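Written below as structure tokens is the structure these notes are about.
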Amino acid sequence: MSPTLFFQSDIKDPYAIYKTMLDDHPVFWDEANQIWAIYSHEYCTEILNSLNVNIPTINPNNEQKLNEYALKIINHLSRLSNGIQHAIAKETAMLLFANMKSIDINQIIAELLDNDLIENKIDWVDSVCKKLPVLVILKSFGFGQNDCKFISEKIELFVKMMLPNKSAEQVQAVNEISENSYSIVKKHLSSLSFYKPLLDKISESHTISFEETITISVSNLIGLLIQSYDACRGLLSNSLLQIINTHNLVPKNNINKTQIQKLVIETLRFDPPIHNTRRVAITDIVLDKTIIKKNETLLLVLAAANRDPKKFDNPLSFDIERINNNENLTFGIGGHMCLAKYFSIHLTTETLLYLFNNYNTIAILESNILYEPMINARLPKNIWISIQ
């Protein structure tokens, strides 16, 4: 098995591999996969902040045969772009985020739990983690019930758009839903009062056409949905596992938002949903006295960097009071930091606070958690719990 590229579903404890590589090979050339793996916090930070790397292109020359609408989305996402295109897309996404309205998150959580709770049992992943983040964003922008239902049911297929390698079936699924989803988002955005001023601002600031600005806006609202689904699904799952499995971590008689938020941030460090990300060198780079040549690919193993003893005291201990837990790299840093970072932390905090304030007994019903067959993310497939 490769020590760098493996499916999380195949590994019981990836952190043991990360520790060995961090100790022995903080910068490692994987000859079989033709990729550099970077494990230390220092070197991951250096690359994340570097102007000498780019986000890899995941569909060069449309070799995957995505249709017009899927291409519009993927080619305009802040998450996948570089240079001035990234700057415009990121600014647009941030303006969209800034115009989200405050809504009653607890009501959505209560409805999701009530809908799927059977004899006090529920699959936390399927019933809450996969649905809540997307529904909160959609409702924050005022989407109607039918549109919320359609997009939330299709978002798992939409996420496949981000895969560097897609099967023919995945491409077909993405193509089938992209036109409807694009049209729904475009139509709804056009009805919002903030939208025309936002388009004017972006179009005038960057001297791009109004139609191009519309495409960037629609694509990046869809991108926010994808990022929130990716980032928040795993964080909601892993944070619940930590709070239940760590005895007296947050005592029932002392549950408060501050403690829960500390737990969520430490989960991001200790057991993150996203384990690695990739970059491509656009010029030669020297790292740890090693030359990484132009056009070579780097795998930044963020989950290893988060447990680097040179950065975090007692990194193998789950400690919500460690003073620098927020310096984890799970959501990245610099220009390509995940825009859903603070949204995900806030939503997970509010969700766990609601859960533990409204139910006296919460227990996990299975000891062996299975994970999705993914390389870059460690996401539980299911977490069956009982709540009373």
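Going by the structure tokens order, chains are called A, B, ..., each with residues numbered from 1, while ligands are numbered from 1 in the order shown.
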
Please provide the set of residues having any atom within 12 Å of Glu31 of chain A, restricted to only C-alpha atoms, with same-chain residues fewer than 5 positions apart removed, written as a ChimeraX atom specification. /A:2-5,36-37,296-297

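Excluding segment 362-378 of chain A itself and same-chain residues fewer than 4 positions from it, the residues having an atom within 6 Å of it are A:Phe6, A:Phe7, A:Gln8, A:Ser9, A:Pro273, A:Ile274, A:His275, A:Asn276, A:Trp384, A:Ile385, A:Ser386, A:Ile387, counting only C-alpha atoms.
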
Export C-alpha atoms of the chosen residues as a compact mmCIF listing (two decimals), in the first residue's frame?
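What ended up in part-v1.txt:
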# COMPACT_ATOMS: atom_id res chain seq x y z
CA PHE A 6 -4.89 5.49 -0.09
CA PHE A 7 -8.61 5.27 0.43
CA GLN A 8 -9.63 6.24 3.94
CA SER A 9 -12.09 3.34 3.85
CA PRO A 273 -12.76 15.82 7.82
CA ILE A 274 -10.27 16.94 5.15
CA HIS A 275 -6.92 15.13 5.26
CA ASN A 276 -5.04 16.44 2.26
CA TRP A 384 -26.30 5.46 14.22
CA ILE A 385 -27.15 7.04 17.54
CA SER A 386 -29.93 6.86 20.09
CA ILE A 387 -31.26 10.09 21.57

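Of the listed residues (A:Ala89, A:Phe318, A:Ser140, A:Ile109), A:Phe318 comes nearest to Asn245 of chain A; the distances count only C-alpha atoms.
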
Could you find all residues in segment 249-365 of chain A that DSSP calls alpha helix (DSSP H) from the backbone, and write them as an MDAnalysis selection string? chainID A and resid 257:270 302:305 341:358

Quick one: of A:Gln227, A:Asn238, A:Thr361, A:Ser78, who's nearest to Tyr342 of chain A, counting only C-alpha atoms? A:Gln227

Name the residues in contact with Thr290 of chain A at a cut-off of 12 Å, using only C-alpha atoms, excluding same-chain residues fewer than 2 positions from it; report them as a ChimeraX atom specification. /A:25-29,36,38,43,284-288,292-293

Contact residues around segment 324-340 of chain A with only C-alpha atoms at 8 Å, ignoring same-chain residues under 5 positions, as a ChimeraX atom specification: /A:41,45,48-49,78-79,93-94,224,227-228,231,265-266,268-269,272-275,302-303,305-306,312

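Ranking A:Asn106, A:Ser191, A:Ser219, A:Thr57 by their shortest atom-to-atom distance to Phe158 of chain A, with only C-alpha atoms included, puts A:Ser219 first.
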
Env of segment 215-217 of chain A: 9 Å cut, atoms = only C-alpha atoms, seq-sep filter 3 positions within chain, self excluded. Answer as a ChimeraX atom specification. /A:72-73,75-78,88-89,92-93,96,186,189,198-199,210-212,220-222

Determine which residues of segment 140-330 of chain A receive a DSSP assignment of strand (DSSP E), computed from the backbone, and state them as a ChimeraX atom specification. /A:276-281,285-287,290-292,297-301

Got a sec: who's within 10 Å of Ser178 of chain A, counting only C-alpha atoms, leaving out chain neighbours fewer than 6 positions off, as a PyMOL selection string? chain A and resi 66-73+154+157-158+161+184

With all heavy atoms kept, could you save the residues just selected as a short mmCIF file (atom, residue, chain, number, x, y, z; two decimals), in the first residue's frame?
data_model
loop_
_atom_site.label_atom_id
_atom_site.label_comp_id
_atom_site.auth_asym_id
_atom_site.auth_seq_id
_atom_site.Cartn_x
_atom_site.Cartn_y
_atom_site.Cartn_z
N LEU A 66 -17.75 17.14 -19.66
CA LEU A 66 -18.82 17.78 -18.92
C LEU A 66 -19.64 18.65 -19.87
O LEU A 66 -19.11 19.17 -20.87
CB LEU A 66 -18.24 18.65 -17.80
CG LEU A 66 -17.47 17.90 -16.70
CD1 LEU A 66 -16.85 18.90 -15.73
CD2 LEU A 66 -18.38 16.94 -15.95
N ASN A 67 -20.92 18.84 -19.56
CA ASN A 67 -21.75 19.64 -20.44
C ASN A 67 -21.55 21.14 -20.18
O ASN A 67 -20.77 21.55 -19.32
CB ASN A 67 -23.23 19.24 -20.34
CG ASN A 67 -23.85 19.59 -19.00
OD1 ASN A 67 -23.29 20.33 -18.20
ND2 ASN A 67 -25.04 19.05 -18.74
N GLU A 68 -22.29 21.97 -20.91
CA GLU A 68 -22.11 23.42 -20.86
C GLU A 68 -22.25 23.97 -19.44
O GLU A 68 -21.46 24.82 -18.99
CB GLU A 68 -23.14 24.08 -21.77
CG GLU A 68 -23.18 25.60 -21.68
CD GLU A 68 -24.38 26.20 -22.41
OE1 GLU A 68 -25.11 25.44 -23.08
OE2 GLU A 68 -24.57 27.43 -22.30
N TYR A 69 -23.26 23.50 -18.71
CA TYR A 69 -23.55 24.09 -17.40
C TYR A 69 -22.58 23.59 -16.34
O TYR A 69 -22.17 24.36 -15.47
CB TYR A 69 -25.00 23.79 -17.02
CG TYR A 69 -25.97 24.51 -17.93
CD1 TYR A 69 -26.46 23.89 -19.08
CD2 TYR A 69 -26.34 25.82 -17.67
CE1 TYR A 69 -27.32 24.56 -19.93
CE2 TYR A 69 -27.20 26.50 -18.51
CZ TYR A 69 -27.68 25.87 -19.65
OH TYR A 69 -28.53 26.55 -20.49
N ALA A 70 -22.21 22.33 -16.42
CA ALA A 70 -21.20 21.82 -15.48
C ALA A 70 -19.87 22.53 -15.71
O ALA A 70 -19.16 22.86 -14.75
CB ALA A 70 -21.04 20.31 -15.66
N LEU A 71 -19.54 22.79 -16.97
CA LEU A 71 -18.30 23.51 -17.28
C LEU A 71 -18.34 24.95 -16.77
O LEU A 71 -17.35 25.46 -16.25
CB LEU A 71 -18.06 23.52 -18.79
CG LEU A 71 -17.36 22.30 -19.39
CD1 LEU A 71 -17.25 22.46 -20.90
CD2 LEU A 71 -15.98 22.09 -18.78
N LYS A 72 -19.49 25.60 -16.94
CA LYS A 72 -19.63 26.97 -16.42
C LYS A 72 -19.29 27.00 -14.94
O LYS A 72 -18.56 27.88 -14.45
CB LYS A 72 -21.06 27.47 -16.62
CG LYS A 72 -21.35 28.04 -17.99
CD LYS A 72 -22.76 28.65 -17.99
CE LYS A 72 -23.06 29.32 -19.32
NZ LYS A 72 -24.38 29.99 -19.31
N ILE A 73 -19.84 26.05 -14.20
CA ILE A 73 -19.65 26.03 -12.75
C ILE A 73 -18.19 25.75 -12.41
O ILE A 73 -17.55 26.50 -11.67
CB ILE A 73 -20.58 24.99 -12.11
CG1 ILE A 73 -22.05 25.37 -12.34
CG2 ILE A 73 -20.29 24.86 -10.61
CD1 ILE A 73 -23.02 24.25 -12.07
N LYS A 154 -29.78 16.54 -4.44
CA LYS A 154 -28.81 16.33 -5.53
C LYS A 154 -27.38 16.73 -5.16
O LYS A 154 -26.46 16.47 -5.93
CB LYS A 154 -29.23 17.12 -6.77
CG LYS A 154 -30.62 16.80 -7.30
CD LYS A 154 -30.76 15.36 -7.73
CE LYS A 154 -32.13 15.08 -8.35
NZ LYS A 154 -32.31 13.66 -8.71
N LEU A 157 -24.44 14.31 -5.51
CA LEU A 157 -23.98 14.10 -6.88
C LEU A 157 -23.15 15.28 -7.36
O LEU A 157 -22.14 15.12 -8.06
CB LEU A 157 -25.19 13.91 -7.81
CG LEU A 157 -26.04 12.66 -7.58
CD1 LEU A 157 -27.26 12.68 -8.50
CD2 LEU A 157 -25.21 11.40 -7.80
N PHE A 158 -23.57 16.49 -6.97
CA PHE A 158 -22.85 17.69 -7.40
C PHE A 158 -21.42 17.70 -6.90
O PHE A 158 -20.50 18.17 -7.58
CB PHE A 158 -23.57 18.95 -6.89
CG PHE A 158 -23.98 19.87 -8.00
CD1 PHE A 158 -25.30 20.28 -8.12
CD2 PHE A 158 -23.06 20.32 -8.93
CE1 PHE A 158 -25.69 21.13 -9.14
CE2 PHE A 158 -23.43 21.16 -9.95
CZ PHE A 158 -24.76 21.56 -10.06
N MET A 161 -18.46 16.57 -8.91
CA MET A 161 -17.87 17.49 -9.87
C MET A 161 -16.43 17.85 -9.49
O MET A 161 -15.59 18.14 -10.34
CB MET A 161 -18.72 18.76 -9.95
CG MET A 161 -18.26 19.78 -10.96
SD MET A 161 -19.26 21.28 -10.88
CE MET A 161 -20.87 20.65 -11.29
N ILE A 184 -31.98 27.11 -11.50
CA ILE A 184 -32.67 27.42 -10.23
C ILE A 184 -31.94 28.52 -9.49
O ILE A 184 -32.54 29.50 -9.02
CB ILE A 184 -32.78 26.15 -9.36
CG1 ILE A 184 -33.82 25.19 -9.93
CG2 ILE A 184 -33.15 26.52 -7.92
CD1 ILE A 184 -33.82 23.82 -9.28
#

Tell me which protein, DNA and RNA residues are within 8 Å of Thr283 of chain A, counting only C-alpha atoms, leaving out same-chain ones fewer than 6 positions away, and put them as a tab-separated table (two decimals) with all heavy atoms, in the first residue's frame.
chain	number	residue	atom	x	y	z
A	52	ASN	N	4.25	30.35	-5.61
A	52	ASN	CA	4.91	29.52	-6.61
A	52	ASN	C	4.19	28.20	-6.85
A	52	ASN	O	4.75	27.27	-7.44
A	52	ASN	CB	6.36	29.24	-6.19
A	52	ASN	CG	7.19	30.50	-6.14
A	52	ASN	OD1	7.07	31.37	-7.00
A	52	ASN	ND2	8.03	30.62	-5.13
A	53	VAL	N	2.95	28.11	-6.37
A	53	VAL	CA	2.14	26.92	-6.61
A	53	VAL	C	0.75	27.35	-7.07
A	53	VAL	O	0.30	28.46	-6.78
A	53	VAL	CB	2.02	26.02	-5.36
A	53	VAL	CG1	3.37	25.47	-4.94
A	53	VAL	CG2	1.36	26.78	-4.20
A	293	LYS	N	10.54	20.32	-8.59
A	293	LYS	CA	10.66	20.92	-9.91
A	293	LYS	C	9.32	21.45	-10.43
A	293	LYS	O	8.25	21.01	-10.03
A	293	LYS	CB	11.23	19.90	-10.90
A	293	LYS	CG	12.64	19.46	-10.56
A	293	LYS	CD	13.16	18.44	-11.56
A	293	LYS	CE	14.57	17.99	-11.20
A	293	LYS	NZ	15.08	16.95	-12.14
A	294	LYS	N	9.44	22.43	-11.31
A	294	LYS	CA	8.26	23.01	-11.96
A	294	LYS	C	7.39	21.91	-12.55
A	294	LYS	O	7.88	20.95	-13.15
A	294	LYS	CB	8.72	23.99	-13.05
A	294	LYS	CG	7.57	24.66	-13.80
A	294	LYS	CD	8.11	25.61	-14.87
A	294	LYS	CE	6.97	26.26	-15.66
A	294	LYS	NZ	7.49	27.18	-16.69
A	295	ASN	N	6.08	22.06	-12.36
A	295	ASN	CA	5.04	21.15	-12.87
A	295	ASN	C	4.88	19.87	-12.06
A	295	ASN	O	4.00	19.05	-12.37
A	295	ASN	CB	5.26	20.79	-14.35
A	295	ASN	CG	5.14	22.00	-15.25
A	295	ASN	OD1	4.34	22.90	-15.00
A	295	ASN	ND2	5.94	22.03	-16.31

When distances are computed from only C-alpha atoms, which of A:Ile108, A:Ala173, A:Ile17, A:Met100 shows the smallest separation from Ile155 of chain A? A:Ala173

Could you check which of A:Thr267, A:Asn175, A:Thr258, A:Ser152 is closest to Pro133 of chain A, using only C-alpha atoms? A:Ser152
